[in-house]
$ cat final_3.txt   # compact mmCIF, C-alpha atoms
# COMPACT_ATOMS: atom_id res chain seq x y z
CA MET A 5 240.86 -51.63 -3.33
CA ALA A 6 242.59 -53.92 -0.85
CA GLN A 7 242.86 -53.06 2.84
CA ILE A 8 244.57 -54.71 5.80
CA ASP A 9 241.76 -56.57 7.56
CA HIS A 10 243.87 -57.73 10.48
CA LEU A 11 247.30 -58.85 11.64
CA GLY A 12 247.33 -62.17 13.49
CA ILE A 13 249.84 -61.99 16.36
CA ALA A 14 250.84 -65.21 18.14
CA VAL A 15 251.26 -64.64 21.88
CA LYS A 16 252.08 -66.93 24.78
CA SER A 17 249.78 -65.20 27.24
CA LEU A 18 246.66 -63.44 26.06
CA SER A 19 246.22 -61.62 29.36
CA ALA A 20 249.80 -60.28 29.30
CA ALA A 21 249.47 -59.21 25.65
CA LYS A 22 246.10 -57.54 26.28
CA SER A 23 247.56 -55.38 29.00
CA ILE A 24 250.43 -54.36 26.70
CA TYR A 25 248.13 -53.13 23.96
CA GLU A 26 245.95 -51.34 26.51
CA LYS A 27 249.10 -49.54 27.68
CA LEU A 28 249.64 -48.43 24.09
CA GLY A 29 246.26 -46.70 24.43
CA LEU A 30 244.30 -49.20 22.30
CA THR A 31 240.93 -50.80 23.02
CA VAL A 32 240.76 -54.58 23.39
CA SER A 33 237.65 -56.67 22.62
CA PRO A 34 236.30 -59.38 24.95
CA GLU A 35 238.02 -62.78 24.62
CA GLU A 36 236.55 -65.41 22.33
CA THR A 37 237.57 -69.02 21.72
CA VAL A 38 237.62 -70.60 18.24
CA GLU A 39 237.54 -74.35 18.98
CA GLN A 40 238.09 -75.33 15.34
CA GLU A 41 241.44 -73.49 15.26
CA ARG A 42 242.28 -74.23 18.90
CA VAL A 43 242.86 -70.60 19.75
CA ARG A 44 241.62 -68.01 22.19
CA LEU A 45 241.72 -64.46 20.81
CA VAL A 46 240.97 -60.79 21.27
CA MET A 47 240.69 -58.12 18.58
CA VAL A 48 242.33 -54.69 18.89
CA PRO A 49 240.80 -52.22 16.40
CA VAL A 50 243.30 -49.85 14.75
CA GLY A 51 241.61 -47.66 12.14
CA GLU A 52 240.16 -49.78 9.34
CA SER A 53 242.27 -52.75 10.54
CA ARG A 54 242.56 -54.89 13.66
CA LEU A 55 245.30 -56.65 15.55
CA GLU A 56 244.23 -60.21 16.36
CA LEU A 57 246.04 -61.51 19.46
CA LEU A 58 246.09 -65.31 19.35
CA GLU A 59 246.84 -67.71 22.21
CA ALA A 60 246.89 -71.48 21.61
CA THR A 61 244.40 -73.56 23.61
CA SER A 62 246.21 -76.81 22.74
CA GLU A 63 249.75 -77.87 21.87
CA ASP A 64 248.74 -79.02 18.39
CA SER A 65 247.37 -75.58 17.51
CA ALA A 66 249.16 -73.85 14.60
CA ILE A 67 249.82 -70.97 17.00
CA ALA A 68 251.58 -73.20 19.54
CA LYS A 69 253.73 -74.68 16.75
CA PHE A 70 254.56 -71.22 15.41
CA ILE A 71 255.68 -69.97 18.85
CA ALA A 72 257.75 -73.12 19.45
CA LYS A 73 259.57 -72.53 16.15
CA ARG A 74 259.84 -68.75 15.86
CA GLY A 75 258.75 -67.27 19.18
CA GLU A 76 255.95 -64.79 19.69
CA GLY A 77 255.19 -62.37 16.87
CA ILE A 78 253.20 -61.83 13.70
CA HIS A 79 251.69 -65.07 12.46
CA HIS A 80 249.76 -63.83 9.42
CA VAL A 81 248.52 -60.75 7.58
CA CYS A 82 244.94 -60.67 6.35
CA LEU A 83 244.05 -58.48 3.38
CA ARG A 84 240.46 -57.58 2.53
CA VAL A 85 239.79 -57.62 -1.22
CA PRO A 86 236.59 -56.68 -3.07
CA ASP A 87 236.29 -59.93 -5.09
CA LEU A 88 237.95 -63.00 -3.59
CA SER A 89 237.08 -65.40 -6.46
CA ALA A 90 238.59 -63.02 -9.02
CA ALA A 91 241.72 -62.59 -6.87
CA VAL A 92 242.14 -66.38 -6.51
CA GLU A 93 241.67 -66.92 -10.25
CA ARG A 94 244.23 -64.24 -11.09
CA MET A 95 246.73 -65.61 -8.57
CA LYS A 96 246.42 -69.18 -9.87
CA LYS A 97 246.91 -67.95 -13.43
CA ASP A 98 250.03 -66.06 -12.26
CA GLY A 99 251.49 -69.11 -10.50
CA VAL A 100 250.97 -67.85 -6.93
CA ARG A 101 251.02 -70.78 -4.49
CA LEU A 102 247.97 -71.06 -2.23
CA VAL A 103 247.89 -73.10 1.00
CA SER A 104 244.66 -74.67 -0.25
CA ASP A 105 243.35 -74.26 -3.79
CA GLU A 106 239.75 -73.80 -2.70
CA ILE A 107 238.12 -70.85 -1.04
CA LYS A 108 237.12 -71.89 2.48
CA ILE A 109 234.11 -70.83 4.52
CA GLY A 110 234.78 -69.74 8.11
CA ALA A 111 232.59 -70.20 11.16
CA GLY A 112 230.72 -66.94 10.61
CA GLY A 113 230.15 -67.72 6.91
CA HIS A 114 233.00 -65.52 5.65
CA LYS A 115 235.11 -66.69 2.71
CA TYR A 116 238.88 -66.92 3.05
CA VAL A 117 241.99 -68.33 1.45
CA PHE A 118 245.64 -68.48 2.59
CA VAL A 119 248.51 -67.62 0.24
CA HIS A 120 251.67 -69.65 0.91
CA PRO A 121 254.61 -67.71 2.44
CA SER A 122 256.83 -68.89 -0.44
CA SER A 123 254.73 -66.69 -2.73
CA THR A 124 254.70 -63.54 -0.59
CA GLY A 125 258.26 -62.99 0.65
CA GLY A 126 257.90 -65.03 3.84
CA VAL A 127 254.52 -63.69 4.93
CA LEU A 128 251.60 -66.05 5.55
CA MET A 129 248.82 -64.04 3.91
CA GLU A 130 245.10 -64.56 4.35
CA LEU A 131 242.65 -62.98 1.92
CA VAL A 132 239.01 -62.26 2.80
CA GLU A 133 236.25 -60.50 0.91
CA SER A 134 235.58 -56.92 1.87
CA HIS A 135 231.79 -56.56 1.94
CA GLU A 136 231.35 -58.56 5.14
CA HIS A 137 233.37 -55.93 7.01
CA ALA A 138 231.93 -52.88 5.23
CA MET B 30 242.61 -43.04 17.00
CA ALA B 31 245.51 -45.26 16.01
CA GLN B 32 245.85 -46.71 12.52
CA ILE B 33 248.33 -49.10 10.90
CA ASP B 34 250.70 -46.81 9.01
CA HIS B 35 252.69 -49.61 7.40
CA LEU B 36 254.07 -53.13 7.78
CA GLY B 37 257.80 -53.42 7.15
CA ILE B 38 258.49 -56.70 5.30
CA ALA B 39 262.10 -57.92 5.01
CA VAL B 40 262.72 -59.52 1.60
CA LYS B 41 265.80 -60.99 -0.05
CA SER B 42 264.96 -59.71 -3.50
CA LEU B 43 262.97 -56.53 -3.97
CA SER B 44 262.32 -57.28 -7.64
CA ALA B 45 260.95 -60.76 -6.85
CA ALA B 46 258.79 -59.43 -4.00
CA LYS B 47 257.46 -56.58 -6.15
CA SER B 48 256.26 -58.98 -8.80
CA ILE B 49 254.52 -61.08 -6.12
CA TYR B 50 252.52 -58.16 -4.78
CA GLU B 51 251.66 -57.03 -8.30
CA LYS B 52 250.27 -60.54 -8.89
CA LEU B 53 248.08 -60.03 -5.84
CA GLY B 54 246.60 -57.07 -7.75
CA LEU B 55 248.31 -54.36 -5.70
CA THR B 56 250.12 -51.24 -6.93
CA VAL B 57 253.82 -50.89 -6.16
CA SER B 58 255.62 -47.52 -5.81
CA PRO B 59 258.95 -46.72 -7.52
CA GLU B 60 262.04 -47.97 -5.64
CA GLU B 61 263.86 -45.66 -3.25
CA THR B 62 267.06 -46.12 -1.28
CA VAL B 63 267.46 -44.96 2.34
CA GLU B 64 271.24 -44.79 2.79
CA GLN B 65 271.01 -44.12 6.53
CA GLU B 66 269.17 -47.42 7.11
CA ARG B 67 271.03 -49.28 4.34
CA VAL B 68 267.83 -50.40 2.66
CA ARG B 69 266.17 -50.18 -0.72
CA LEU B 70 262.36 -50.15 -0.52
CA VAL B 71 259.04 -49.90 -2.29
CA MET B 72 255.67 -49.05 -0.79
CA VAL B 73 252.49 -50.98 -1.59
CA PRO B 74 249.38 -48.98 -0.59
CA VAL B 75 246.57 -51.05 0.98
CA GLY B 76 243.70 -48.83 2.11
CA GLU B 77 244.85 -46.41 4.82
CA SER B 78 248.00 -48.52 5.31
CA ARG B 79 251.01 -49.57 3.25
CA LEU B 80 253.23 -52.62 2.95
CA GLU B 81 256.89 -51.53 2.98
CA LEU B 82 259.07 -54.09 1.17
CA LEU B 83 262.64 -53.78 2.44
CA GLU B 84 265.81 -55.17 0.82
CA ALA B 85 269.20 -54.71 2.54
CA THR B 86 271.86 -52.79 0.59
CA SER B 87 274.62 -53.95 2.95
CA GLU B 88 275.30 -56.95 5.17
CA ASP B 89 275.30 -54.82 8.31
CA SER B 90 271.78 -53.56 7.63
CA ALA B 91 269.19 -54.49 10.27
CA ILE B 92 267.20 -56.11 7.45
CA ALA B 93 270.10 -58.37 6.42
CA LYS B 94 270.58 -59.42 10.05
CA PHE B 95 266.87 -60.10 10.47
CA ILE B 96 266.75 -62.32 7.35
CA ALA B 97 269.89 -64.20 8.44
CA LYS B 98 268.27 -64.95 11.79
CA ARG B 99 264.58 -65.46 10.98
CA GLY B 100 264.25 -65.56 7.19
CA GLU B 101 262.10 -63.29 5.11
CA GLY B 102 258.92 -61.90 6.67
CA ILE B 103 257.45 -59.09 8.70
CA HIS B 104 260.14 -56.99 10.33
CA HIS B 105 258.05 -54.34 12.06
CA VAL B 106 254.57 -52.87 12.40
CA CYS B 107 254.15 -49.11 12.34
CA LEU B 108 251.15 -47.55 14.07
CA ARG B 109 250.10 -43.97 13.42
CA VAL B 110 248.95 -42.19 16.60
CA PRO B 111 247.52 -38.66 16.97
CA ASP B 112 249.97 -37.47 19.68
CA LEU B 113 253.33 -39.26 19.80
CA SER B 114 254.71 -37.36 22.82
CA ALA B 115 251.62 -38.21 24.88
CA ALA B 116 251.85 -41.87 23.80
CA VAL B 117 255.55 -42.05 24.76
CA GLU B 118 254.88 -40.42 28.14
CA ARG B 119 252.03 -42.81 28.89
CA MET B 120 254.09 -45.85 27.83
CA LYS B 121 257.08 -44.84 29.98
CA LYS B 122 254.78 -44.34 32.95
CA ASP B 123 253.31 -47.80 32.33
CA GLY B 124 256.73 -49.47 32.12
CA VAL B 125 256.67 -50.17 28.38
CA ARG B 126 260.22 -50.72 27.10
CA LEU B 127 261.26 -48.49 24.18
CA VAL B 128 264.21 -49.23 21.89
CA SER B 129 265.35 -45.66 22.47
CA ASP B 130 263.88 -43.35 25.13
CA GLU B 131 263.85 -40.31 22.88
CA ILE B 132 261.58 -39.53 19.95
CA LYS B 133 263.72 -39.56 16.80
CA ILE B 134 263.41 -37.40 13.71
CA GLY B 135 263.50 -39.20 10.36
CA ALA B 136 264.97 -38.02 7.08
CA GLY B 137 261.69 -36.38 5.98
CA GLY B 138 261.27 -34.64 9.35
CA HIS B 139 258.74 -37.14 10.69
CA LYS B 140 258.88 -38.14 14.36
CA TYR B 141 259.14 -41.81 15.33
CA VAL B 142 259.92 -44.17 18.18
CA PHE B 143 260.36 -47.96 18.34
CA VAL B 144 258.75 -50.05 21.10
CA HIS B 145 260.83 -53.06 22.11
CA PRO B 146 259.44 -56.50 21.08
CA SER B 147 259.62 -57.62 24.72
CA SER B 148 256.83 -55.11 25.45
CA THR B 149 254.52 -56.01 22.55
CA GLY B 150 254.34 -59.80 22.38
CA GLY B 151 257.29 -60.27 20.03
CA VAL B 152 256.42 -57.51 17.58
CA LEU B 153 258.89 -54.72 16.80
CA MET B 154 256.52 -51.76 16.79
CA GLU B 155 257.21 -48.32 15.39
CA LEU B 156 254.98 -45.40 16.32
CA VAL B 157 254.64 -42.27 14.17
CA GLU B 158 252.43 -39.22 14.47
CA SER B 159 249.34 -39.18 12.29
CA HIS B 160 249.06 -35.63 10.96
CA GLU B 161 251.92 -36.02 8.50
CA HIS B 162 249.96 -38.69 6.67
CA ALA B 163 246.53 -37.06 6.93

$ encode --input "final_3.txt" --output "structure tokens"
Amino acid sequence: MAQIDHLGIAVKSLSAAKSIYEKLGLTVSPEETVEQERVRLVMVPVGESRLELLEATSEDSAIAKFIAKRGEGIHHVCLRVPDLSAAVERMKKDGVRLVSDEIKIGAGGHKYVFVHPSSTGGVLMELVESHEHA
Amino acid sequence: MAQIDHLGIAVKSLSAAKSIYEKLGLTVSPEETVEQERVRLVMVPVGESRLELLEATSEDSAIAKFIAKRGEGIHHVCLRVPDLSAAVERMKKDGVRLVSDEIKIGAGGHKYVFVHPSSTGGVLMELVESHEHA
């Protein structure tokens, strides 16, 4: 069964956004920086999911470009699926457009793929495999 | 503890969007129409959350206006909290801006409130009380 792993939310100021989600009564993780993606982020656990607040560390970051074009807001939705290879195979067979045809390996060794917004009703959708979060 | 109740996704064509999410291997509910909000919708369960695919039934629907301005994509995030009145009181005290100051009652009797995007980093956020989904 799929689950929402996290929602990536592009924000201008991580410190301002953190305080907002704390006011909503949520707990915010310590900040981390992902150099490869040129973002600084915190995670806000909500049930089995998380909100991922993303601040660009450089103007050529995808997050900076997103905010310049659309303003702050939800950048992507990440679903957790039990078998990522099977999901990718099925999607390709069904003509779903992926951002990259290959499954990628993230910094922590997790596998992920992005589905193109044109195939999801305007939503940039990341898929990850579920066991690493179980 | 808060959970993600659902993500509201504004789509131009409900039938096209449904087929996309079925291709992702997800189950889609039968269509329903909410006259009051001028939308037709389906729900796509993902773990403890749902994706709510929303198609406007009229040009003056908030969903039609959203698509005209920003294109298809995520319209709102709905969090489920254990005590909505307490959350609203705490937010008001902390200066969080709500779309409407009063808790509203939906068609099915559920209580909800919308937090203004200016207070959440660009995300239109709905809050509902958790027991009705437990």

$ calpha_fit_and_write --input "final_3.txt" --fixed "chain A" --moving "chain B" --output "PDB file with C-alpha atoms, in the coordinates of the input"
ATOM      1  CA  MET B  30     240.836 -51.654  -3.328  1.00  0.00           C
ATOM      2  CA  ALA B  31     242.582 -53.915  -0.845  1.00  0.00           C
ATOM      3  CA  GLN B  32     242.848 -53.050   2.840  1.00  0.00           C
ATOM      4  CA  ILE B  33     244.562 -54.706   5.808  1.00  0.00           C
ATOM      5  CA  ASP B  34     241.754 -56.574   7.556  1.00  0.00           C
ATOM      6  CA  HIS B  35     243.868 -57.732  10.485  1.00  0.00           C
ATOM      7  CA  LEU B  36     247.305 -58.857  11.653  1.00  0.00           C
ATOM      8  CA  GLY B  37     247.320 -62.179  13.486  1.00  0.00           C
ATOM      9  CA  ILE B  38     249.835 -61.990  16.366  1.00  0.00           C
ATOM     10  CA  ALA B  39     250.841 -65.223  18.139  1.00  0.00           C
ATOM     11  CA  VAL B  40     251.271 -64.636  21.887  1.00  0.00           C
ATOM     12  CA  LYS B  41     252.093 -66.930  24.790  1.00  0.00           C
ATOM     13  CA  SER B  42     249.802 -65.191  27.234  1.00  0.00           C
ATOM     14  CA  LEU B  43     246.669 -63.431  26.058  1.00  0.00           C
ATOM     15  CA  SER B  44     246.231 -61.632  29.379  1.00  0.00           C
ATOM     16  CA  ALA B  45     249.804 -60.277  29.298  1.00  0.00           C
ATOM     17  CA  ALA B  46     249.479 -59.209  25.649  1.00  0.00           C
ATOM     18  CA  LYS B  47     246.117 -57.536  26.291  1.00  0.00           C
ATOM     19  CA  SER B  48     247.576 -55.385  29.025  1.00  0.00           C
ATOM     20  CA  ILE B  49     250.443 -54.372  26.708  1.00  0.00           C
ATOM     21  CA  TYR B  50     248.130 -53.132  23.982  1.00  0.00           C
ATOM     22  CA  GLU B  51     245.959 -51.340  26.528  1.00  0.00           C
ATOM     23  CA  LYS B  52     249.125 -49.543  27.689  1.00  0.00           C
ATOM     24  CA  LEU B  53     249.641 -48.438  24.102  1.00  0.00           C
ATOM     25  CA  GLY B  54     246.253 -46.704  24.448  1.00  0.00           C
ATOM     26  CA  LEU B  55     244.303 -49.182  22.320  1.00  0.00           C
ATOM     27  CA  THR B  56     240.925 -50.790  23.045  1.00  0.00           C
ATOM     28  CA  VAL B  57     240.776 -54.564  23.415  1.00  0.00           C
ATOM     29  CA  SER B  58     237.661 -56.666  22.642  1.00  0.00           C
ATOM     30  CA  PRO B  59     236.307 -59.372  24.986  1.00  0.00           C
ATOM     31  CA  GLU B  60     238.037 -62.769  24.655  1.00  0.00           C
ATOM     32  CA  GLU B  61     236.572 -65.421  22.378  1.00  0.00           C
ATOM     33  CA  THR B  62     237.579 -69.018  21.759  1.00  0.00           C
ATOM     34  CA  VAL B  63     237.616 -70.599  18.279  1.00  0.00           C
ATOM     35  CA  GLU B  64     237.536 -74.336  19.017  1.00  0.00           C
ATOM     36  CA  GLN B  65     238.087 -75.314  15.380  1.00  0.00           C
ATOM     37  CA  GLU B  66     241.430 -73.464  15.284  1.00  0.00           C
ATOM     38  CA  ARG B  67     242.288 -74.226  18.928  1.00  0.00           C
ATOM     39  CA  VAL B  68     242.872 -70.584  19.768  1.00  0.00           C
ATOM     40  CA  ARG B  69     241.621 -67.998  22.213  1.00  0.00           C
ATOM     41  CA  LEU B  70     241.718 -64.447  20.820  1.00  0.00           C
ATOM     42  CA  VAL B  71     240.976 -60.780  21.286  1.00  0.00           C
ATOM     43  CA  MET B  72     240.699 -58.112  18.614  1.00  0.00           C
ATOM     44  CA  VAL B  73     242.328 -54.687  18.917  1.00  0.00           C
ATOM     45  CA  PRO B  74     240.798 -52.212  16.426  1.00  0.00           C
ATOM     46  CA  VAL B  75     243.304 -49.848  14.759  1.00  0.00           C
ATOM     47  CA  GLY B  76     241.603 -47.659  12.160  1.00  0.00           C
ATOM     48  CA  GLU B  77     240.145 -49.782   9.351  1.00  0.00           C
ATOM     49  CA  SER B  78     242.250 -52.739  10.549  1.00  0.00           C
ATOM     50  CA  ARG B  79     242.546 -54.878  13.671  1.00  0.00           C
ATOM     51  CA  LEU B  80     245.308 -56.632  15.572  1.00  0.00           C
ATOM     52  CA  GLU B  81     244.223 -60.207  16.369  1.00  0.00           C
ATOM     53  CA  LEU B  82     246.044 -61.505  19.464  1.00  0.00           C
ATOM     54  CA  LEU B  83     246.093 -65.305  19.356  1.00  0.00           C
ATOM     55  CA  GLU B  84     246.847 -67.700  22.237  1.00  0.00           C
ATOM     56  CA  ALA B  85     246.900 -71.479  21.623  1.00  0.00           C
ATOM     57  CA  THR B  86     244.418 -73.572  23.629  1.00  0.00           C
ATOM     58  CA  SER B  87     246.220 -76.811  22.735  1.00  0.00           C
ATOM     59  CA  GLU B  88     249.756 -77.876  21.870  1.00  0.00           C
ATOM     60  CA  ASP B  89     248.729 -79.014  18.399  1.00  0.00           C
ATOM     61  CA  SER B  90     247.376 -75.575  17.514  1.00  0.00           C
ATOM     62  CA  ALA B  91     249.135 -73.843  14.607  1.00  0.00           C
ATOM     63  CA  ILE B  92     249.813 -70.958  17.006  1.00  0.00           C
ATOM     64  CA  ALA B  93     251.584 -73.203  19.537  1.00  0.00           C
ATOM     65  CA  LYS B  94     253.720 -74.675  16.747  1.00  0.00           C
ATOM     66  CA  PHE B  95     254.558 -71.225  15.405  1.00  0.00           C
ATOM     67  CA  ILE B  96     255.679 -69.972  18.848  1.00  0.00           C
ATOM     68  CA  ALA B  97     257.756 -73.122  19.433  1.00  0.00           C
ATOM     69  CA  LYS B  98     259.553 -72.542  16.141  1.00  0.00           C
ATOM     70  CA  ARG B  99     259.841 -68.752  15.858  1.00  0.00           C
ATOM     71  CA  GLY B 100     258.743 -67.275  19.190  1.00  0.00           C
ATOM     72  CA  GLU B 101     255.967 -64.796  19.687  1.00  0.00           C
ATOM     73  CA  GLY B 102     255.194 -62.373  16.857  1.00  0.00           C
ATOM     74  CA  ILE B 103     253.194 -61.836  13.712  1.00  0.00           C
ATOM     75  CA  HIS B 104     251.673 -65.063  12.457  1.00  0.00           C
ATOM     76  CA  HIS B 105     249.741 -63.834   9.434  1.00  0.00           C
ATOM     77  CA  VAL B 106     248.511 -60.761   7.581  1.00  0.00           C
ATOM     78  CA  CYS B 107     244.932 -60.665   6.356  1.00  0.00           C
ATOM     79  CA  LEU B 108     244.049 -58.479   3.378  1.00  0.00           C
ATOM     80  CA  ARG B 109     240.464 -57.590   2.538  1.00  0.00           C
ATOM     81  CA  VAL B 110     239.800 -57.619  -1.225  1.00  0.00           C
ATOM     82  CA  PRO B 111     236.592 -56.676  -3.085  1.00  0.00           C
ATOM     83  CA  ASP B 112     236.280 -59.928  -5.109  1.00  0.00           C
ATOM     84  CA  LEU B 113     237.961 -62.999  -3.610  1.00  0.00           C
ATOM     85  CA  SER B 114     237.091 -65.390  -6.466  1.00  0.00           C
ATOM     86  CA  ALA B 115     238.600 -63.014  -9.034  1.00  0.00           C
ATOM     87  CA  ALA B 116     241.726 -62.591  -6.875  1.00  0.00           C
ATOM     88  CA  VAL B 117     242.140 -66.378  -6.514  1.00  0.00           C
ATOM     89  CA  GLU B 118     241.673 -66.911 -10.259  1.00  0.00           C
ATOM     90  CA  ARG B 119     244.224 -64.232 -11.105  1.00  0.00           C
ATOM     91  CA  MET B 120     246.739 -65.605  -8.574  1.00  0.00           C
ATOM     92  CA  LYS B 121     246.412 -69.182  -9.870  1.00  0.00           C
ATOM     93  CA  LYS B 122     246.914 -67.948 -13.417  1.00  0.00           C
ATOM     94  CA  ASP B 123     250.024 -66.069 -12.269  1.00  0.00           C
ATOM     95  CA  GLY B 124     251.486 -69.107 -10.491  1.00  0.00           C
ATOM     96  CA  VAL B 125     250.968 -67.851  -6.936  1.00  0.00           C
ATOM     97  CA  ARG B 126     251.027 -70.782  -4.497  1.00  0.00           C
ATOM     98  CA  LEU B 127     247.972 -71.069  -2.225  1.00  0.00           C
ATOM     99  CA  VAL B 128     247.902 -73.107   0.990  1.00  0.00           C
ATOM    100  CA  SER B 129     244.680 -74.670  -0.260  1.00  0.00           C
ATOM    101  CA  ASP B 130     243.354 -74.282  -3.818  1.00  0.00           C
ATOM    102  CA  GLU B 131     239.759 -73.828  -2.733  1.00  0.00           C
ATOM    103  CA  ILE B 132     238.130 -70.848  -1.056  1.00  0.00           C
ATOM    104  CA  LYS B 133     237.128 -71.916   2.460  1.00  0.00           C
ATOM    105  CA  ILE B 134     234.107 -70.865   4.479  1.00  0.00           C
ATOM    106  CA  GLY B 135     234.753 -69.776   8.066  1.00  0.00           C
ATOM    107  CA  ALA B 136     232.573 -70.272  11.118  1.00  0.00           C
ATOM    108  CA  GLY B 137     230.723 -66.965  10.570  1.00  0.00           C
ATOM    109  CA  GLY B 138     230.145 -67.742   6.879  1.00  0.00           C
ATOM    110  CA  HIS B 139     232.981 -65.537   5.638  1.00  0.00           C
ATOM    111  CA  LYS B 140     235.088 -66.702   2.690  1.00  0.00           C
ATOM    112  CA  TYR B 141     238.872 -66.932   3.020  1.00  0.00           C
ATOM    113  CA  VAL B 142     241.999 -68.339   1.425  1.00  0.00           C
ATOM    114  CA  PHE B 143     245.637 -68.482   2.576  1.00  0.00           C
ATOM    115  CA  VAL B 144     248.519 -67.617   0.225  1.00  0.00           C
ATOM    116  CA  HIS B 145     251.659 -69.641   0.893  1.00  0.00           C
ATOM    117  CA  PRO B 146     254.619 -67.716   2.428  1.00  0.00           C
ATOM    118  CA  SER B 147     256.830 -68.900  -0.444  1.00  0.00           C
ATOM    119  CA  SER B 148     254.725 -66.690  -2.747  1.00  0.00           C
ATOM    120  CA  THR B 149     254.700 -63.538  -0.597  1.00  0.00           C
ATOM    121  CA  GLY B 150     258.244 -62.993   0.655  1.00  0.00           C
ATOM    122  CA  GLY B 151     257.898 -65.035   3.842  1.00  0.00           C
ATOM    123  CA  VAL B 152     254.520 -63.699   4.926  1.00  0.00           C
ATOM    124  CA  LEU B 153     251.587 -66.042   5.557  1.00  0.00           C
ATOM    125  CA  MET B 154     248.814 -64.043   3.914  1.00  0.00           C
ATOM    126  CA  GLU B 155     245.097 -64.564   4.341  1.00  0.00           C
ATOM    127  CA  LEU B 156     242.658 -62.981   1.911  1.00  0.00           C
ATOM    128  CA  VAL B 157     239.015 -62.270   2.780  1.00  0.00           C
ATOM    129  CA  GLU B 158     236.253 -60.525   0.883  1.00  0.00           C
ATOM    130  CA  SER B 159     235.576 -56.933   1.853  1.00  0.00           C
ATOM    131  CA  HIS B 160     231.793 -56.565   1.877  1.00  0.00           C
ATOM    132  CA  GLU B 161     231.338 -58.495   5.110  1.00  0.00           C
ATOM    133  CA  HIS B 162     233.324 -55.851   6.949  1.00  0.00           C
ATOM    134  CA  ALA B 163     231.916 -52.815   5.134  1.00  0.00           C
TER     135      ALA B 163
END

$ atom_distance --input "final_3.txt" --atom1 "CA of Ala14 in chain A" --atom2 "CA of Val46 in chain A"
11.3 Å

$ atom_distance --input "final_3.txt" --atom1 "CA of Leu153 in chain B" --atom2 "CA of Val15 in chain A"
13.5 Å

$ closest_atom_pairs --input "final_3.txt" --of "chain A" --to "chain B" --cutoff "6 Å" --atoms "all atoms listed in the file" --output "tab-separated table"
residue	atom	partner	partner_atom	distance
A:Ala6	CA	B:Val75	CA	5.2
A:Gln7	CA	B:Gly76	CA	4.4
A:Val15	CA	B:Gly150	CA	5.8
A:Ala21	CA	B:Gly150	CA	5.9
A:Val50	CA	B:Gln32	CA	4.6
A:Gly51	CA	B:Gln32	CA	4.4
A:Glu76	CA	B:Gly151	CA	4.7
A:Gly77	CA	B:Gly151	CA	4.3
A:Gly125	CA	B:Val40	CA	5.7
A:Gly126	CA	B:Gly102	CA	4.3
A:Val127	CA	B:Gly102	CA	5.1

$ axis_aligned_box --input "final_3.txt" --around "range 72-80 of chain A" --padding-each-side "5 Å" --output "JSON"
{"center_x": 254.8, "center_y": -67.5, "center_z": 14.6, "size_x": 20.1, "size_y": 21.3, "size_z": 20.3}

$ atom_distance --input "final_3.txt" --atom1 "CA of Glu36 in chain A" --atom2 "CA of Gly12 in chain A"
14.3 Å
